[in-house]
>>> print(open('data_37.tsv').read())   # TSV, C-alpha atoms and all ligand atoms
chain	number	residue	atom	x	y	z
A	21	MET	CA	21.45	0.04	-16.46
A	22	THR	CA	23.06	2.71	-14.30
A	23	SER	CA	26.39	3.93	-15.57
A	24	VAL	CA	28.77	3.24	-12.73
A	25	GLN	CA	31.33	5.67	-14.08
A	26	LYS	CA	28.94	8.62	-13.90
A	27	ILE	CA	28.55	8.44	-10.15
A	28	THR	CA	30.57	11.02	-8.25
A	29	LYS	CA	32.50	9.19	-5.61
A	30	ARG	CA	32.20	10.49	-2.10
A	31	GLN	CA	32.33	8.72	1.18
A	32	PHE	CA	32.83	5.10	0.22
A	33	ILE	CA	34.85	3.20	2.85
A	34	THR	CA	35.74	-0.50	2.85
A	35	PHE	CA	37.23	-2.97	5.31
A	36	GLU	CA	39.44	-5.78	4.09
A	37	GLY	CA	41.51	-8.53	5.65
A	38	ILE	CA	41.54	-12.25	6.33
A	39	ASP	CA	38.58	-14.06	7.89
A	40	GLY	CA	38.18	-13.28	11.58
A	41	SER	CA	40.47	-10.23	11.52
A	42	GLY	CA	37.76	-8.01	13.00
A	43	LYS	CA	36.39	-6.27	9.91
A	44	SER	CA	32.72	-6.39	10.79
A	45	THR	CA	33.37	-5.42	14.41
A	46	GLN	CA	35.38	-2.40	13.26
A	47	ALA	CA	32.94	-1.49	10.49
A	48	LYS	CA	30.14	-1.33	13.09
A	49	ARG	CA	32.30	0.87	15.31
A	50	LEU	CA	33.08	3.22	12.43
A	51	VAL	CA	29.43	3.43	11.40
A	52	ALA	CA	28.52	4.41	14.97
A	53	HIS	CA	31.30	6.99	15.01
A	54	LEU	CA	30.35	8.57	11.68
A	55	THR	CA	26.69	8.61	12.71
A	56	SER	CA	27.63	10.41	15.93
A	57	LEU	CA	29.35	13.05	13.78
A	58	GLY	CA	26.00	13.64	12.07
A	59	HIS	CA	26.55	11.71	8.85
A	60	ASP	CA	23.94	9.52	7.17
A	61	VAL	CA	25.68	6.15	6.93
A	62	ILE	CA	24.79	2.72	5.60
A	63	HIS	CA	26.61	-0.43	6.67
A	64	THR	CA	26.77	-3.12	4.03
A	65	ARG	CA	28.81	-6.20	3.17
A	66	GLU	CA	30.11	-8.49	0.47
A	67	PRO	CA	29.37	-10.99	-0.75
A	68	GLY	CA	25.86	-9.64	-0.29
A	69	GLY	CA	24.49	-6.22	0.49
A	70	SER	CA	21.47	-6.45	-1.83
A	71	ALA	CA	18.72	-9.07	-2.12
A	72	GLY	CA	20.17	-10.66	-5.26
A	73	ALA	CA	23.74	-10.57	-4.00
A	74	GLU	CA	22.69	-12.21	-0.71
A	75	GLU	CA	21.27	-15.10	-2.76
A	76	ILE	CA	24.58	-15.44	-4.60
A	77	ARG	CA	26.39	-15.26	-1.23
A	78	ARG	CA	24.83	-18.53	-0.10
A	79	LEU	CA	26.26	-20.29	-3.16
A	80	LEU	CA	29.72	-19.00	-2.34
A	81	VAL	CA	30.16	-19.35	1.42
A	82	GLU	CA	28.48	-22.70	2.05
A	83	GLY	CA	29.57	-26.17	1.00
A	84	ASP	CA	32.82	-27.92	0.14
A	85	PRO	CA	35.96	-25.84	-0.49
A	86	ASP	CA	36.27	-27.42	-3.97
A	87	ARG	CA	32.67	-26.68	-4.90
A	88	TRP	CA	33.77	-23.89	-7.30
A	89	SER	CA	36.99	-23.21	-9.13
A	90	ALA	CA	38.68	-19.85	-8.56
A	91	GLU	CA	37.56	-18.82	-12.07
A	92	THR	CA	33.90	-19.58	-11.33
A	93	GLU	CA	34.20	-17.72	-8.04
A	94	ILE	CA	35.46	-14.63	-9.88
A	95	LEU	CA	32.30	-14.63	-11.98
A	96	LEU	CA	29.96	-15.20	-9.03
A	97	PHE	CA	31.60	-12.57	-6.78
A	98	THR	CA	31.59	-10.07	-9.63
A	99	ALA	CA	27.92	-10.76	-10.38
A	100	ALA	CA	27.08	-10.24	-6.72
A	101	ARG	CA	29.17	-7.04	-6.63
A	102	ARG	CA	27.46	-5.60	-9.69
A	103	ASP	CA	24.04	-6.08	-8.08
A	104	HIS	CA	25.31	-4.66	-4.78
A	105	LEU	CA	26.62	-1.59	-6.63
A	106	GLU	CA	23.47	-1.03	-8.65
A	107	LYS	CA	20.94	-1.60	-5.88
A	108	THR	CA	22.71	-0.40	-2.74
A	109	ILE	CA	26.03	1.43	-3.07
A	110	ILE	CA	25.36	3.77	-5.99
A	111	PRO	CA	21.91	4.89	-4.81
A	112	ALA	CA	23.31	5.59	-1.33
A	113	LEU	CA	26.30	7.60	-2.58
A	114	ALA	CA	24.07	9.46	-5.03
A	115	ALA	CA	21.83	10.42	-2.10
A	116	GLY	CA	24.84	11.84	-0.24
A	117	LYS	CA	25.14	9.00	2.24
A	118	TRP	CA	28.32	7.41	3.47
A	119	VAL	CA	28.79	3.74	2.65
A	120	VAL	CA	30.82	1.43	4.88
A	121	SER	CA	31.27	-2.02	3.37
A	122	ASP	CA	32.71	-5.18	4.88
A	123	ARG	CA	34.79	-6.26	1.88
A	124	PHE	CA	34.66	-5.15	-1.76
A	125	ALA	CA	36.76	-5.71	-4.88
A	126	ASP	CA	40.07	-6.05	-3.01
A	127	SER	CA	38.79	-9.35	-1.61
A	128	THR	CA	38.43	-10.73	-5.14
A	129	ARG	CA	41.89	-9.43	-6.07
A	130	VAL	CA	43.35	-11.40	-3.17
A	131	TYR	CA	41.08	-14.43	-2.57
A	132	GLN	CA	40.56	-15.27	-6.23
A	133	GLY	CA	43.44	-13.38	-7.86
A	134	ALA	CA	46.40	-14.46	-5.77
A	135	THR	CA	45.79	-17.71	-3.90
A	136	ARG	CA	45.18	-20.45	-6.44
A	137	GLY	CA	47.43	-19.49	-9.33
A	138	ASP	CA	47.86	-16.02	-10.74
A	139	LEU	CA	44.40	-14.98	-11.89
A	140	ARG	CA	44.86	-11.30	-11.14
A	141	GLY	CA	44.71	-10.36	-14.84
A	142	ILE	CA	41.24	-11.89	-15.18
A	143	VAL	CA	40.07	-10.24	-11.94
A	144	ASP	CA	41.30	-6.83	-13.07
A	145	ALA	CA	39.79	-7.14	-16.57
A	146	LEU	CA	36.38	-8.12	-15.23
A	147	HIS	CA	36.54	-5.41	-12.58
A	148	ALA	CA	37.27	-2.78	-15.22
A	149	GLN	CA	34.37	-3.98	-17.40
A	150	MET	CA	31.72	-4.60	-14.76
A	151	ILE	CA	32.53	-2.58	-11.63
A	152	GLY	CA	34.89	0.31	-12.38
A	153	VAL	CA	34.64	1.83	-8.91
A	154	GLU	CA	37.22	1.96	-6.11
A	155	PRO	CA	36.55	2.94	-2.51
A	156	ASP	CA	37.69	6.35	-1.29
A	157	MET	CA	39.38	4.69	1.67
A	158	THR	CA	40.17	1.08	2.58
A	159	PHE	CA	41.21	-0.21	5.99
A	160	ILE	CA	43.19	-3.43	5.69
A	161	ILE	CA	43.17	-5.16	9.05
A	162	ASP	CA	46.31	-7.23	9.34
A	163	MET	CA	46.83	-10.03	11.83
A	164	ASP	CA	48.28	-13.49	12.39
A	165	PRO	CA	46.05	-16.07	10.62
A	166	VAL	CA	46.32	-18.56	13.51
A	167	ALA	CA	44.72	-16.09	15.91
A	168	ALA	CA	42.24	-14.86	13.32
A	169	LEU	CA	41.23	-18.38	12.30
A	170	SER	CA	40.49	-19.35	15.89
A	171	ARG	CA	38.25	-16.29	16.19
A	172	GLY	CA	36.52	-17.12	12.91
A	173	LEU	CA	36.02	-20.83	13.43
A	174	ALA	CA	34.79	-20.19	16.96
A	175	ARG	CA	31.73	-18.60	15.38
A	176	LYS	CA	30.66	-21.81	13.54
A	177	SER	CA	28.34	-19.86	11.32
A	178	GLY	CA	27.84	-22.51	8.63
A	179	GLU	CA	29.52	-20.06	6.25
A	180	ASP	CA	32.96	-21.57	6.67
A	181	ARG	CA	33.82	-22.59	3.12
A	182	PHE	CA	36.78	-20.20	2.85
A	183	GLU	CA	37.95	-20.85	6.43
A	184	ASP	CA	37.99	-24.56	5.49
A	185	PHE	CA	40.72	-23.95	2.88
A	186	GLY	CA	43.07	-24.00	5.88
A	187	LEU	CA	45.99	-22.13	7.35
A	188	ASP	CA	48.32	-22.03	4.31
A	189	PHE	CA	45.54	-20.40	2.35
A	190	GLN	CA	45.05	-17.79	5.11
A	191	GLU	CA	48.83	-17.10	5.12
A	192	ARG	CA	48.73	-16.47	1.36
A	193	LEU	CA	45.75	-14.19	1.87
A	194	ARG	CA	47.56	-12.20	4.53
A	195	GLN	CA	50.51	-11.65	2.21
A	196	GLY	CA	48.12	-10.77	-0.61
A	197	PHE	CA	46.51	-8.04	1.47
A	198	LEU	CA	49.93	-6.68	2.52
A	199	ASP	CA	50.94	-6.52	-1.15
A	200	LEU	CA	47.67	-4.79	-1.99
A	201	ALA	CA	48.33	-2.09	0.61
A	202	LYS	CA	51.59	-1.37	-1.24
A	203	ASP	CA	49.87	-1.37	-4.64
A	204	TYR	CA	47.27	1.20	-3.55
A	205	PRO	CA	49.04	3.40	-0.97
A	206	ASP	CA	46.74	6.38	-1.47
A	207	ARG	CA	43.52	4.72	-0.42
A	208	CYS	CA	44.70	1.78	1.72
A	209	ARG	CA	45.57	2.07	5.40
A	210	LEU	CA	47.14	-0.90	7.11
A	211	ILE	CA	45.84	-1.48	10.65
A	212	ASP	CA	47.35	-3.83	13.23
A	213	GLY	CA	44.34	-6.00	14.13
A	214	SER	CA	46.05	-8.12	16.79
A	215	ARG	CA	45.27	-5.57	19.51
A	216	GLY	CA	42.10	-5.16	21.54
A	217	ILE	CA	38.92	-3.91	19.88
A	218	ASP	CA	39.16	-0.41	21.42
A	219	ALA	CA	42.78	0.13	20.37
A	220	VAL	CA	42.06	-0.91	16.79
A	221	SER	CA	38.94	1.22	16.68
A	222	ALA	CA	40.78	4.29	18.01
A	223	ASP	CA	43.20	4.17	15.05
A	224	ILE	CA	40.33	3.98	12.58
A	225	THR	CA	37.96	6.58	14.02
A	226	ALA	CA	40.86	9.04	14.46
A	227	VAL	CA	40.95	9.38	10.67
A	228	PHE	CA	37.49	10.96	10.71
A	229	GLU	CA	37.71	13.43	13.59
B	301	LIG	P1	35.60	-10.51	10.42
B	301	LIG	O1	34.42	-9.66	10.03
B	301	LIG	O2	36.90	-9.94	9.96
B	301	LIG	O3	35.46	-11.95	10.06
B	301	LIG	P2	34.63	-10.16	13.14
B	301	LIG	O4	34.55	-8.70	13.37
B	301	LIG	O5	33.36	-10.89	12.84
B	301	LIG	O6	35.71	-10.47	12.00
B	301	LIG	O7	35.37	-10.77	14.38
B	301	LIG	C1	35.55	-12.20	14.51
B	301	LIG	C2	35.42	-12.58	16.00
B	301	LIG	O8	36.50	-12.00	16.73
B	301	LIG	C3	34.15	-12.06	16.65
B	301	LIG	O9	33.72	-13.01	17.60
B	301	LIG	C4	34.58	-10.77	17.33
B	301	LIG	O10	33.80	-10.45	18.44
B	301	LIG	C5	36.01	-11.09	17.71
B	301	LIG	N1	36.91	-9.91	17.64
B	301	LIG	C6	36.87	-8.89	16.73
B	301	LIG	N2	37.87	-8.01	16.96
B	301	LIG	C7	38.57	-8.48	18.01
B	301	LIG	C8	39.75	-8.01	18.73
B	301	LIG	N3	40.39	-6.89	18.37
B	301	LIG	N4	40.18	-8.76	19.75
B	301	LIG	C9	39.53	-9.92	20.09
B	301	LIG	N5	38.43	-10.41	19.48
B	301	LIG	C10	37.95	-9.71	18.44
B	302	LIG	P1	32.78	-12.65	4.94
B	302	LIG	O1	31.36	-12.84	5.27
B	302	LIG	O2	33.33	-11.28	4.96
B	302	LIG	O3	33.65	-13.60	5.85
B	302	LIG	P2	34.45	-13.30	7.20
B	302	LIG	O4	33.52	-12.57	8.13
B	302	LIG	O5	34.81	-14.68	7.67
B	302	LIG	O6	35.66	-12.50	6.87
B	302	LIG	O7	33.08	-13.25	3.49
B	302	LIG	C1	32.77	-14.58	3.18
B	302	LIG	C2	33.92	-15.22	2.48
B	302	LIG	O8	33.97	-14.83	1.10
B	302	LIG	C3	35.26	-14.87	3.08
B	302	LIG	O9	35.94	-16.08	3.40
B	302	LIG	C4	35.98	-14.17	1.96
B	302	LIG	C5	35.31	-14.61	0.72
B	302	LIG	N1	35.36	-13.65	-0.39
B	302	LIG	C6	36.09	-13.96	-1.54
B	302	LIG	O10	36.71	-15.02	-1.63
B	302	LIG	N2	36.10	-13.08	-2.59
B	302	LIG	C7	35.39	-11.92	-2.56
B	302	LIG	O11	35.40	-11.13	-3.54
B	302	LIG	C8	34.64	-11.60	-1.36
B	302	LIG	C9	33.86	-10.32	-1.29
B	302	LIG	C10	34.66	-12.50	-0.31
>>> encode(input="data_37.tsv", output="structure tokens", more="lines below")
Ligand code: ADP
Ligand code: TYD
Amino acid sequence: MTSVQKITKRQFITFEGIDGSGKSTQAKRLVAHLTSLGHDVIHTREPGGSAGAEEIRRLLVEGDPDRWSAETEILLFTAARRDHLEKTIIPALAAGKWVVSDRFADSTRVYQGATRGDLRGIVDALHAQMIGVEPDMTFIIDMDPVAALSRGLARKSGEDRFEDFGLDFQERLRQGFLDLAKDYPDRCRLIDGSRGIDAVSADITAVFE
């Protein structure tokens, strides 16, 4: 198995935030921007981003909210992340490519670690054992959950398990991401996602000019 720790980190960028905050829209914009600057960029996502992890994704995002406990989710998300790392992220970084991912380990820290009891210790221990990689830069898109939820539910994708936990859950997530930005000030940048797509995008692409 590839040793995760041996990989030299380069251009690994992640987007985090509550459901519907605009992560995938902004990730696409950033990928286009970096590509226009001449970089070789891959756009990936979690849960998913490799064939095996996409299979695990279906278990996680479909079905009843109480289908899995938070503890079981930690194991499934971490299994998916390990496959994503081995098959997609590490090979791309090793080849000198940039990697832009919709979500990564910060989502587990917040969704599983801080919303249904304090499970952060378990999340951190498993992360250290099985993942051991942090992004070089993380954009946390912050916005009001009411507005974000209406965007998200409007999509009706059939992948609504986490949206179906409801508004209180989304409020706890928002606070969890704000706390995370304070915990990791060097790599995390907080972005106001309540504005129009172009205004949000301008803040993000400006970092790479
Ligand atoms: P996420 O990946 O965070 O769930 P998306 O990028 O898929 O969010 O955006 C959710 C929905 O909101 C999509 O329909 C998208 O077109 C729309 N959207 C994204 N950003 C904005 C924005 N700044 N203002 C208004 N609508 C937006
Ligand atoms: P995603 O497809 O990014 O959803 P959205 O576009 O609505 O933001 O992620 C699917 C769901 O999985 C999302 O509700 C967040 C959740 N999730 C976790 O709970 N823990 C994790 O570690 C990850 C990566 C995602």
>>> closest_residue(input="data_37.tsv", among="A:Asp86, A:Glu75, A:Asp184, A:Asp199", to="ligand LIG 302 (chain B)", atoms="only C-alpha atoms and all ligand atoms")
A:Asp184
>>> residues_around(input="data_37.tsv", residues="Arg102 (chain A)", least_positions_apart="3", cutoff="10 Å", atoms="all atoms listed in the file", output="PDB file with C-alpha atoms, in the frame of the given file")
ATOM      1  CA  VAL A  24      28.770   3.240 -12.730  1.00  0.00           C
ATOM      2  CA  SER A  70      21.470  -6.450  -1.830  1.00  0.00           C
ATOM      3  CA  GLY A  72      20.170 -10.660  -5.260  1.00  0.00           C
ATOM      4  CA  ALA A  73      23.740 -10.570  -4.000  1.00  0.00           C
ATOM      5  CA  LEU A  96      29.960 -15.200  -9.030  1.00  0.00           C
ATOM      6  CA  PHE A  97      31.600 -12.570  -6.780  1.00  0.00           C
ATOM      7  CA  THR A  98      31.590 -10.070  -9.630  1.00  0.00           C
ATOM      8  CA  ALA A  99      27.920 -10.760 -10.380  1.00  0.00           C
ATOM      9  CA  LEU A 105      26.620  -1.590  -6.630  1.00  0.00           C
ATOM     10  CA  GLU A 106      23.470  -1.030  -8.650  1.00  0.00           C
ATOM     11  CA  LYS A 107      20.940  -1.600  -5.880  1.00  0.00           C
ATOM     12  CA  THR A 108      22.710  -0.400  -2.740  1.00  0.00           C
ATOM     13  CA  ILE A 109      26.030   1.430  -3.070  1.00  0.00           C
ATOM     14  CA  HIS A 147      36.540  -5.410 -12.580  1.00  0.00           C
ATOM     15  CA  MET A 150      31.720  -4.600 -14.760  1.00  0.00           C
ATOM     16  CA  ILE A 151      32.530  -2.580 -11.630  1.00  0.00           C
ATOM     17  CA  GLY A 152      34.890   0.310 -12.380  1.00  0.00           C
TER      18      GLY A 152
END
>>> residues_near_ligand(input="data_37.tsv", ligand="ligand LIG 301 (chain B)", cutoff="8 Å", atoms="only C-alpha atoms and all ligand atoms", output="list in words")
Glu36, Gly37, Ile38, Asp39, Gly40, Ser41, Gly42, Lys43, Ser44, Thr45, Gln46, Ala47, Asp122, Ile161, Ala168, Arg171, Gly172, Ala174, Arg175, Gly213, Ser214, Arg215, Gly216, Ile217, Asp218, Ala219 and Val220 of chain A
>>> atom_distance(input="data_37.tsv", atom1="atom C2 of ligand LIG 302 (chain B)", atom2="CA of Arg181 (chain A)")
7.4 Å
>>> closest_residue(input="data_37.tsv", among="A:Arg78, A:Arg194, A:Lys202, A:Arg140", to="Asp180 (chain A)", atoms="all atoms listed in the file")
A:Arg78
>>> atom_distance(input="data_37.tsv", atom1="CA of Thr128 (chain A)", atom2="CA of Arg87 (chain A)")
17.0 Å
>>> closest_residue(input="data_37.tsv", among="A:His63, A:Arg123, A:Lys48, A:His53", to="ligand LIG 302 (chain B)", atoms="only C-alpha atoms and all ligand atoms")
A:Arg123
>>> closest_residue(input="data_37.tsv", among="A:Gln132, A:Thr225, A:Ser121, A:Ser170", to="Thr158 (chain A)", atoms="only C-alpha atoms")
A:Ser121
>>> atom_distance(input="data_37.tsv", atom1="atom N2 of ligand LIG 302 (chain B)", atom2="CA of Leu80 (chain A)")
8.7 Å
>>> residues_around(input="data_37.tsv", residues="Phe189 (chain A)", least_positions_apart="4", cutoff="7 Å", atoms="all atoms listed in the file", output="list in words")
Thr135, Phe185 and Leu193 of chain A
>>> closest_residue(input="data_37.tsv", among="A:Gly58, A:Gly69, A:Gly133, A:Gly83", to="Leu95 (chain A)", atoms="only C-alpha atoms")
A:Gly133
>>> closest_residue(input="data_37.tsv", among="A:Val143, A:Ile211, A:Leu198, A:Ala112", to="ligand LIG 302 (chain B)", atoms="only C-alpha atoms and all ligand atoms")
A:Val143
>>> decode(input="data_37.tsv", residues="region 41-154 of chain A", atoms="C-alpha atoms", output="CSV table (one decimal), in the first residue's frame")
chain,number,residue,atom,x,y,z
A,41,SER,CA,-23.3,26.6,0.2
A,42,GLY,CA,-21.9,26.6,-3.3
A,43,LYS,CA,-18.8,24.4,-2.9
A,44,SER,CA,-19.1,22.5,-6.2
A,45,THR,CA,-20.0,25.7,-8.2
A,46,GLN,CA,-16.9,27.4,-6.8
A,47,ALA,CA,-14.7,24.4,-7.2
A,48,LYS,CA,-15.6,24.3,-10.9
A,49,ARG,CA,-14.8,28.0,-11.2
A,50,LEU,CA,-11.4,27.6,-9.5
A,51,VAL,CA,-10.5,24.6,-11.7
A,52,ALA,CA,-11.3,26.7,-14.8
A,53,HIS,CA,-9.2,29.5,-13.4
A,54,LEU,CA,-6.2,27.4,-12.5
A,55,THR,CA,-6.4,25.6,-15.9
A,56,SER,CA,-6.4,29.0,-17.6
A,57,LEU,CA,-3.2,29.8,-15.7
A,58,GLY,CA,-1.6,26.7,-17.4
A,59,HIS,CA,-1.9,24.3,-14.5
A,60,ASP,CA,-2.8,20.6,-14.9
A,61,VAL,CA,-5.8,20.3,-12.5
A,62,ILE,CA,-8.2,17.5,-11.5
A,63,HIS,CA,-11.5,18.2,-9.9
A,64,THR,CA,-12.7,15.5,-7.5
A,65,ARG,CA,-15.1,15.1,-4.6
A,66,GLU,CA,-16.0,13.3,-1.4
A,67,PRO,CA,-17.6,11.1,-0.6
A,68,GLY,CA,-16.4,9.6,-3.8
A,69,GLY,CA,-13.6,10.5,-6.2
A,70,SER,CA,-12.6,7.0,-7.1
A,71,ALA,CA,-14.6,4.0,-8.2
A,72,GLY,CA,-14.6,2.3,-4.8
A,73,ALA,CA,-15.3,5.4,-2.9
A,74,GLU,CA,-18.2,6.2,-5.3
A,75,GLU,CA,-19.7,2.9,-4.3
A,76,ILE,CA,-19.4,3.7,-0.6
A,77,ARG,CA,-20.9,7.2,-1.4
A,78,ARG,CA,-24.2,5.6,-2.3
A,79,LEU,CA,-24.4,3.9,1.1
A,80,LEU,CA,-23.9,7.2,2.8
A,81,VAL,CA,-26.0,9.8,1.0
A,82,GLU,CA,-29.1,7.8,0.2
A,83,GLY,CA,-31.8,6.4,2.6
A,84,ASP,CA,-33.1,7.3,6.0
A,85,PRO,CA,-31.2,9.8,8.2
A,86,ASP,CA,-31.0,7.1,11.0
A,87,ARG,CA,-29.6,4.5,8.6
A,88,TRP,CA,-26.1,4.7,10.2
A,89,SER,CA,-24.9,5.9,13.5
A,90,ALA,CA,-22.3,8.7,13.5
A,91,GLU,CA,-19.7,6.1,14.5
A,92,THR,CA,-20.5,3.9,11.5
A,93,GLU,CA,-20.4,6.9,9.3
A,94,ILE,CA,-16.9,7.7,10.5
A,95,LEU,CA,-15.7,4.3,9.4
A,96,LEU,CA,-17.4,4.5,6.0
A,97,PHE,CA,-16.3,8.0,5.2
A,98,THR,CA,-12.7,7.1,6.2
A,99,ALA,CA,-12.8,4.0,4.1
A,100,ALA,CA,-14.0,6.0,1.1
A,101,ARG,CA,-11.3,8.7,1.8
A,102,ARG,CA,-8.5,6.1,2.0
A,103,ASP,CA,-9.5,4.7,-1.5
A,104,HIS,CA,-9.8,8.3,-2.9
A,105,LEU,CA,-6.4,9.1,-1.6
A,106,GLU,CA,-4.7,6.0,-2.9
A,107,LYS,CA,-6.4,5.9,-6.3
A,108,THR,CA,-6.9,9.5,-7.2
A,109,ILE,CA,-5.3,12.2,-5.0
A,110,ILE,CA,-1.8,10.8,-4.4
A,111,PRO,CA,-1.2,9.7,-8.0
A,112,ALA,CA,-2.3,13.2,-9.2
A,113,LEU,CA,-0.1,15.1,-6.7
A,114,ALA,CA,2.8,12.8,-7.4
A,115,ALA,CA,2.4,13.6,-11.1
A,116,GLY,CA,2.6,17.3,-10.4
A,117,LYS,CA,-1.1,18.0,-10.9
A,118,TRP,CA,-3.2,20.3,-8.8
A,119,VAL,CA,-6.1,18.6,-7.0
A,120,VAL,CA,-9.3,20.5,-6.2
A,121,SER,CA,-11.7,18.5,-4.0
A,122,ASP,CA,-15.3,19.2,-3.0
A,123,ARG,CA,-14.9,18.2,0.7
A,124,PHE,CA,-12.3,16.2,2.5
A,125,ALA,CA,-11.4,15.3,6.1
A,126,ASP,CA,-12.8,18.6,7.5
A,127,SER,CA,-16.3,17.3,6.6
A,128,THR,CA,-15.8,14.3,8.8
A,129,ARG,CA,-14.4,16.5,11.7
A,130,VAL,CA,-17.6,18.5,11.5
A,131,TYR,CA,-20.4,16.2,10.3
A,132,GLN,CA,-19.4,13.2,12.3
A,133,GLY,CA,-17.2,14.8,15.0
A,134,ALA,CA,-19.3,17.7,16.2
A,135,THR,CA,-23.0,17.2,15.5
A,136,ARG,CA,-24.2,14.1,17.3
A,137,GLY,CA,-22.1,14.1,20.5
A,138,ASP,CA,-18.4,14.8,20.7
A,139,LEU,CA,-16.8,12.2,18.5
A,140,ARG,CA,-13.9,14.4,17.4
A,141,GLY,CA,-11.3,12.3,19.3
A,142,ILE,CA,-12.3,9.2,17.3
A,143,VAL,CA,-12.3,11.1,14.0
A,144,ASP,CA,-8.9,12.5,14.7
A,145,ALA,CA,-7.4,9.2,15.8
A,146,LEU,CA,-8.7,7.4,12.7
A,147,HIS,CA,-7.5,10.3,10.5
A,148,ALA,CA,-4.0,10.1,11.9
A,149,GLN,CA,-3.9,6.3,11.4
A,150,MET,CA,-5.5,6.0,8.0
A,151,ILE,CA,-5.2,9.4,6.1
A,152,GLY,CA,-2.5,11.6,7.6
A,153,VAL,CA,-2.8,14.2,4.9
A,154,GLU,CA,-4.1,17.8,5.1
